[in-house]
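Source file: data.cif; contents: mmCIF, C-alpha atoms, pLDDT in the B column; chains and numbers go by the auth columns.
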```
data_start
loop_
_atom_site.group_PDB
_atom_site.id
_atom_site.type_symbol
_atom_site.label_atom_id
_atom_site.label_comp_id
_atom_site.label_asym_id
_atom_site.label_seq_id
_atom_site.Cartn_x
_atom_site.Cartn_y
_atom_site.Cartn_z
_atom_site.B_iso_or_equiv
_atom_site.auth_seq_id
_atom_site.auth_asym_id
ATOM 1 C CA MET A 1 93.621 -23.149 109.200 53.00 1 N
ATOM 2 C CA LYS A 2 96.965 -23.572 107.371 62.00 2 N
ATOM 3 C CA THR A 3 97.994 -26.488 109.579 63.00 3 N
ATOM 4 C CA LEU A 4 95.216 -28.696 108.178 71.00 4 N
ATOM 5 C CA ARG A 5 96.755 -28.607 104.690 81.00 5 N
ATOM 6 C CA LYS A 6 99.818 -30.364 106.077 88.00 6 N
ATOM 7 C CA MET A 7 97.777 -33.157 107.638 95.00 7 N
ATOM 8 C CA ILE A 8 97.899 -35.501 104.643 96.00 8 N
ATOM 9 C CA HIS A 9 97.743 -38.937 106.261 97.00 9 N
ATOM 10 C CA ASP A 10 94.778 -40.919 107.579 97.00 10 N
ATOM 11 C CA ALA A 11 94.932 -42.409 111.057 97.00 11 N
ATOM 12 C CA VAL A 12 92.534 -44.175 113.381 97.00 12 N
ATOM 13 C CA CYS A 13 92.602 -43.088 117.020 97.00 13 N
ATOM 14 C CA TRP A 14 91.339 -45.118 119.975 95.00 14 N
ATOM 15 C CA GLY A 15 91.214 -42.779 122.945 89.00 15 N
ATOM 16 C CA SER A 16 90.306 -42.932 126.616 81.00 16 N
ATOM 17 C CA PRO A 17 92.184 -46.108 127.603 88.00 17 N
ATOM 18 C CA THR A 18 90.663 -47.680 130.725 91.00 18 N
ATOM 19 C CA PRO A 19 92.186 -50.700 132.542 90.00 19 N
ATOM 20 C CA ASP A 20 89.892 -53.735 132.345 89.00 20 N
ATOM 21 C CA GLY A 21 91.254 -55.341 135.539 92.00 21 N
ATOM 22 C CA PHE A 22 92.962 -58.171 133.622 92.00 22 N
ATOM 23 C CA GLY A 23 96.124 -56.384 132.472 86.00 23 N
ATOM 24 C CA ARG A 24 94.602 -55.006 129.268 84.00 24 N
ATOM 25 C CA HIS A 25 92.639 -51.883 128.388 86.00 25 N
ATOM 26 C CA THR A 26 89.323 -50.995 126.835 90.00 26 N
ATOM 27 C CA PHE A 27 89.122 -47.974 124.554 90.00 27 N
ATOM 28 C CA GLY A 28 86.656 -45.388 123.361 87.00 28 N
ATOM 29 C CA THR A 29 85.069 -45.525 119.917 91.00 29 N
ATOM 30 C CA PRO A 30 87.725 -45.330 117.175 95.00 30 N
ATOM 31 C CA THR A 31 87.737 -42.175 115.065 95.00 31 N
ATOM 32 C CA ASN A 32 89.257 -41.380 111.675 96.00 32 N
ATOM 33 C CA ASN A 33 91.582 -38.361 111.728 96.00 33 N
ATOM 34 C CA LYS A 34 93.791 -36.416 109.363 96.00 34 N
ATOM 35 C CA VAL A 35 97.354 -36.334 110.751 97.00 35 N
ATOM 36 C CA ARG A 36 100.950 -35.876 109.752 97.00 36 N
ATOM 37 C CA TRP A 37 102.577 -39.305 110.299 98.00 37 N
ATOM 38 C CA GLN A 38 106.359 -39.619 110.243 97.00 38 N
ATOM 39 C CA ASP A 39 107.903 -43.070 110.484 97.00 39 N
ATOM 40 C CA THR A 40 110.992 -41.908 112.322 97.00 40 N
ATOM 41 C CA GLN A 41 113.054 -42.911 115.295 97.00 41 N
ATOM 42 C CA GLU A 42 113.443 -40.158 117.875 97.00 42 N
ATOM 43 C CA LEU A 43 114.734 -40.555 121.389 98.00 43 N
ATOM 44 C CA PHE A 44 112.288 -39.254 124.012 97.00 44 N
ATOM 45 C CA ILE A 45 111.608 -39.498 127.740 97.00 45 N
ATOM 46 C CA ASP A 46 108.312 -41.226 128.623 95.00 46 N
ATOM 47 C CA ASP A 47 106.121 -40.518 131.664 92.00 47 N
ATOM 48 C CA THR A 48 108.132 -42.957 133.813 94.00 48 N
ATOM 49 C CA GLY A 49 111.384 -41.099 133.074 96.00 49 N
ATOM 50 C CA SER A 50 112.785 -43.810 130.796 96.00 50 N
ATOM 51 C CA GLU A 51 114.545 -43.060 127.516 97.00 51 N
ATOM 52 C CA VAL A 52 112.609 -44.647 124.642 97.00 52 N
ATOM 53 C CA LEU A 53 113.153 -44.766 120.873 98.00 53 N
ATOM 54 C CA SER A 54 109.988 -43.991 118.910 98.00 54 N
ATOM 55 C CA VAL A 55 108.714 -45.948 115.915 98.00 55 N
ATOM 56 C CA ALA A 56 106.754 -42.917 114.676 98.00 56 N
ATOM 57 C CA VAL A 57 106.037 -39.291 115.459 98.00 57 N
ATOM 58 C CA VAL A 58 102.529 -38.046 114.667 98.00 58 N
ATOM 59 C CA PHE A 59 101.131 -34.518 114.562 97.00 59 N
ATOM 60 C CA LEU A 60 97.390 -34.003 115.249 96.00 60 N
ATOM 61 C CA THR A 61 95.116 -30.977 115.426 93.00 61 N
ATOM 62 C CA CYS A 62 93.347 -32.347 118.516 91.00 62 N
ATOM 63 C CA ASP A 63 94.357 -33.425 121.995 92.00 63 N
ATOM 64 C CA ILE A 64 94.933 -37.106 122.742 94.00 64 N
ATOM 65 C CA ASP A 65 95.416 -39.145 125.919 92.00 65 N
ATOM 66 C CA LEU A 66 98.616 -40.932 126.895 93.00 66 N
ATOM 67 C CA GLY A 67 98.028 -44.621 126.272 93.00 67 N
ATOM 68 C CA ALA A 68 95.622 -43.965 123.396 94.00 68 N
ATOM 69 C CA TYR A 69 96.388 -45.951 120.248 97.00 69 N
ATOM 70 C CA LEU A 70 97.038 -44.660 116.736 98.00 70 N
ATOM 71 C CA TRP A 71 97.101 -46.655 113.522 98.00 71 N
ATOM 72 C CA LYS A 72 97.963 -45.392 110.042 97.00 72 N
ATOM 73 C CA GLY A 73 94.856 -46.119 107.968 96.00 73 N
ATOM 74 C CA THR A 74 91.071 -45.779 108.168 96.00 74 N
ATOM 75 C CA THR A 75 88.271 -47.799 109.728 95.00 75 N
ATOM 76 C CA SER A 76 87.125 -48.730 106.200 95.00 76 N
ATOM 77 C CA SER A 77 90.478 -50.393 105.387 93.00 77 N
ATOM 78 C CA SER A 78 90.483 -54.164 104.824 92.00 78 N
ATOM 79 C CA ALA A 79 93.320 -54.515 107.397 92.00 79 N
ATOM 80 C CA TYR A 80 91.343 -52.740 110.152 93.00 80 N
ATOM 81 C CA VAL A 81 90.246 -54.613 113.282 90.00 81 N
ATOM 82 C CA ALA A 82 88.356 -53.050 116.201 87.00 82 N
ATOM 83 C CA ASP A 83 90.865 -53.894 118.968 90.00 83 N
ATOM 84 C CA PRO A 84 94.021 -51.778 118.569 94.00 84 N
ATOM 85 C CA GLN A 85 95.992 -54.192 120.756 90.00 85 N
ATOM 86 C CA GLN A 86 95.384 -56.878 118.108 91.00 86 N
ATOM 87 C CA LEU A 87 96.124 -54.638 115.098 94.00 87 N
ATOM 88 C CA SER A 88 99.538 -54.817 113.471 94.00 88 N
ATOM 89 C CA GLY A 89 101.037 -51.326 113.195 96.00 89 N
ATOM 90 C CA ALA A 90 98.874 -49.768 115.947 97.00 90 N
ATOM 91 C CA TYR A 91 100.958 -48.136 118.657 97.00 91 N
ATOM 92 C CA PRO A 92 100.232 -46.484 122.000 96.00 92 N
ATOM 93 C CA VAL A 93 100.995 -42.824 122.624 97.00 93 N
ATOM 94 C CA ARG A 94 103.938 -42.771 125.013 97.00 94 N
ATOM 95 C CA ARG A 95 104.566 -39.005 125.114 97.00 95 N
ATOM 96 C CA LYS A 96 102.689 -35.934 123.931 97.00 96 N
ATOM 97 C CA GLU A 97 103.569 -32.292 123.525 96.00 97 N
ATOM 98 C CA ARG A 98 101.358 -29.338 122.698 96.00 98 N
ATOM 99 C CA ILE A 99 102.967 -26.877 120.262 95.00 99 N
ATOM 100 C CA TRP A 100 101.385 -23.414 120.095 94.00 100 N
ATOM 101 C CA ASN A 101 101.637 -20.976 117.214 92.00 101 N
ATOM 102 C CA ILE A 102 103.467 -17.697 117.795 94.00 102 N
ATOM 103 C CA LYS A 103 100.212 -15.842 118.604 94.00 103 N
ATOM 104 C CA GLY A 104 99.145 -18.516 121.094 93.00 104 N
ATOM 105 C CA THR A 105 95.795 -18.981 119.353 93.00 105 N
ATOM 106 C CA GLN A 106 96.189 -22.470 117.830 92.00 106 N
ATOM 107 C CA TYR A 107 98.127 -25.591 118.677 93.00 107 N
ATOM 108 C CA ILE A 108 99.019 -28.967 117.285 95.00 108 N
ATOM 109 C CA THR A 109 99.727 -32.043 119.348 97.00 109 N
ATOM 110 C CA LYS A 110 102.944 -33.976 118.726 97.00 110 N
ATOM 111 C CA VAL A 111 102.923 -37.560 119.960 98.00 111 N
ATOM 112 C CA TYR A 112 105.590 -40.225 120.128 98.00 112 N
ATOM 113 C CA LEU A 113 104.536 -43.812 119.443 98.00 113 N
ATOM 114 C CA ARG A 114 106.210 -46.971 120.662 96.00 114 N
#
```

Rewritten as structure tokens:
Amino acid sequence: MKTLRKMIHDAVCWGSPTPDGFGRHTFGTPTNNKVRWQDTQELFIDDTGSEVLSVAVVFLTCDIDLGAYLWKGTTSSSAYVADPQQLSGAYPVRRKERIWNIKGTQYITKVYLR
């Protein structure tokens, strides 16, 4: 797949956010992924209808949940900690879009982090 050659950055993804009943969330097992990470500010509309300015836009070859966390790095990094809410530079996915190729056979997922 040609898209994979453009995924040059490492990122850790914590998916499946579940409320813990105390105002925080628990997450699924973190996974290492190859992504295209762009530290850029783009204005987007989140799921509540509010205008938000992103801190990064990330392209993935898999689907991801709203509220999942992404962090630029790997689980073997010395800066890594298991709780994304305690990790500097880890951000929740606030919006996601699925972008299909012209044939409609493959897609990438574009997410906005804030």

(request) For range 35-38 of chain N, list every protein, DNA or RNA residue within 6 Å, evaluated using all atoms listed in the file, and leave out those in the same chain fewer than 3 positions away; present the list as number ranges by chain. (result) N: 7-9, 56-60

Keeping only C-alpha atoms, write the selected residues to a file as a short mmCIF file (atom, residue, chain, number, x, y, z; two decimals), keeping the file's coordinate frame.
```cif
data_model
loop_
_atom_site.label_atom_id
_atom_site.label_comp_id
_atom_site.auth_asym_id
_atom_site.auth_seq_id
_atom_site.Cartn_x
_atom_site.Cartn_y
_atom_site.Cartn_z
CA MET N 7 97.78 -33.16 107.64
CA ILE N 8 97.90 -35.50 104.64
CA HIS N 9 97.74 -38.94 106.26
CA ALA N 56 106.75 -42.92 114.68
CA VAL N 57 106.04 -39.29 115.46
CA VAL N 58 102.53 -38.05 114.67
CA PHE N 59 101.13 -34.52 114.56
CA LEU N 60 97.39 -34.00 115.25
#
```

(message) Taking 2 positions as the minimum chain separation for residues in the same chain, which residues sit within 12 Å of Tyr112 in chain N when counting only C-alpha atoms? Answer as a PyMOL selection string.
(response) chain N and resi 37-47+51-60+64-70+91-98+109-110+114

(request) Just give me the residues with any atom within 12 Å of (97.3, -53.1, 116.7), file coordinates, counting only C-alpha atoms, written as a list in words. (result) Val12, Cys13, Trp14, Ala68, Tyr69, Leu70, Trp71, Lys72, Gly73, Ala79, Tyr80, Val81, Ala82, Asp83, Pro84, Gln85, Gln86, Leu87, Ser88, Gly89, Ala90, Tyr91, Pro92 and Arg114 of chain N

Please, could you write that set of residues out with C-alpha atoms as a compact mmCIF listing (two decimals), in the frame of the given file?
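Output (again_36.txt):
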```txt
# COMPACT_ATOMS: atom_id res chain seq x y z
CA VAL N 12 92.53 -44.18 113.38
CA CYS N 13 92.60 -43.09 117.02
CA TRP N 14 91.34 -45.12 119.98
CA ALA N 68 95.62 -43.96 123.40
CA TYR N 69 96.39 -45.95 120.25
CA LEU N 70 97.04 -44.66 116.74
CA TRP N 71 97.10 -46.66 113.52
CA LYS N 72 97.96 -45.39 110.04
CA GLY N 73 94.86 -46.12 107.97
CA ALA N 79 93.32 -54.52 107.40
CA TYR N 80 91.34 -52.74 110.15
CA VAL N 81 90.25 -54.61 113.28
CA ALA N 82 88.36 -53.05 116.20
CA ASP N 83 90.86 -53.89 118.97
CA PRO N 84 94.02 -51.78 118.57
CA GLN N 85 95.99 -54.19 120.76
CA GLN N 86 95.38 -56.88 118.11
CA LEU N 87 96.12 -54.64 115.10
CA SER N 88 99.54 -54.82 113.47
CA GLY N 89 101.04 -51.33 113.20
CA ALA N 90 98.87 -49.77 115.95
CA TYR N 91 100.96 -48.14 118.66
CA PRO N 92 100.23 -46.48 122.00
CA ARG N 114 106.21 -46.97 120.66
```

(message) Could you tell me how far CA of Asn33 in chain N sits from CA of Asn101 in chain N, in Å to one decimal place?
(response) 20.8 Å

(request) Would you list the contacts of Trp100 in chain N as number ranges by chain, taking every protein, DNA or RNA residue within 12 Å and counting only C-alpha atoms, but skipping same-chain residues closer than 5 positions in sequence? (result) N: 3, 61, 105-110

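Separating CA of Pro30 in chain N from CA of Ser16 in chain N is a distance of 10.1 Å.
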
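The space between CA of Gly15 in chain N and CA of Gly28 in chain N spans 5.3 Å.
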
Can you tell me, as JSON, the centre and edge lengths (Å, one decimal) of the axis-aligned box enclosing all of range 28-43 of chain N's listed atoms after padding each side by 8 Å?
```
{"center_x": 99.9, "center_y": -40.7, "center_z": 116.4, "size_x": 45.7, "size_y": 25.6, "size_z": 30.0}
```

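Distance annotation: of N:Ser50, N:Cys62, N:Lys6, N:Thr74, the residue with the minimal separation from Asn32 in chain N is N:Thr74; atom set is all atoms listed in the file.
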
(message) For a quick check of understanding, using only C-alpha atoms, which of N:Lys34, N:Pro17, N:Asp63, N:Ser76 has the smallest distance to Leu4 in chain N?
(response) N:Lys34
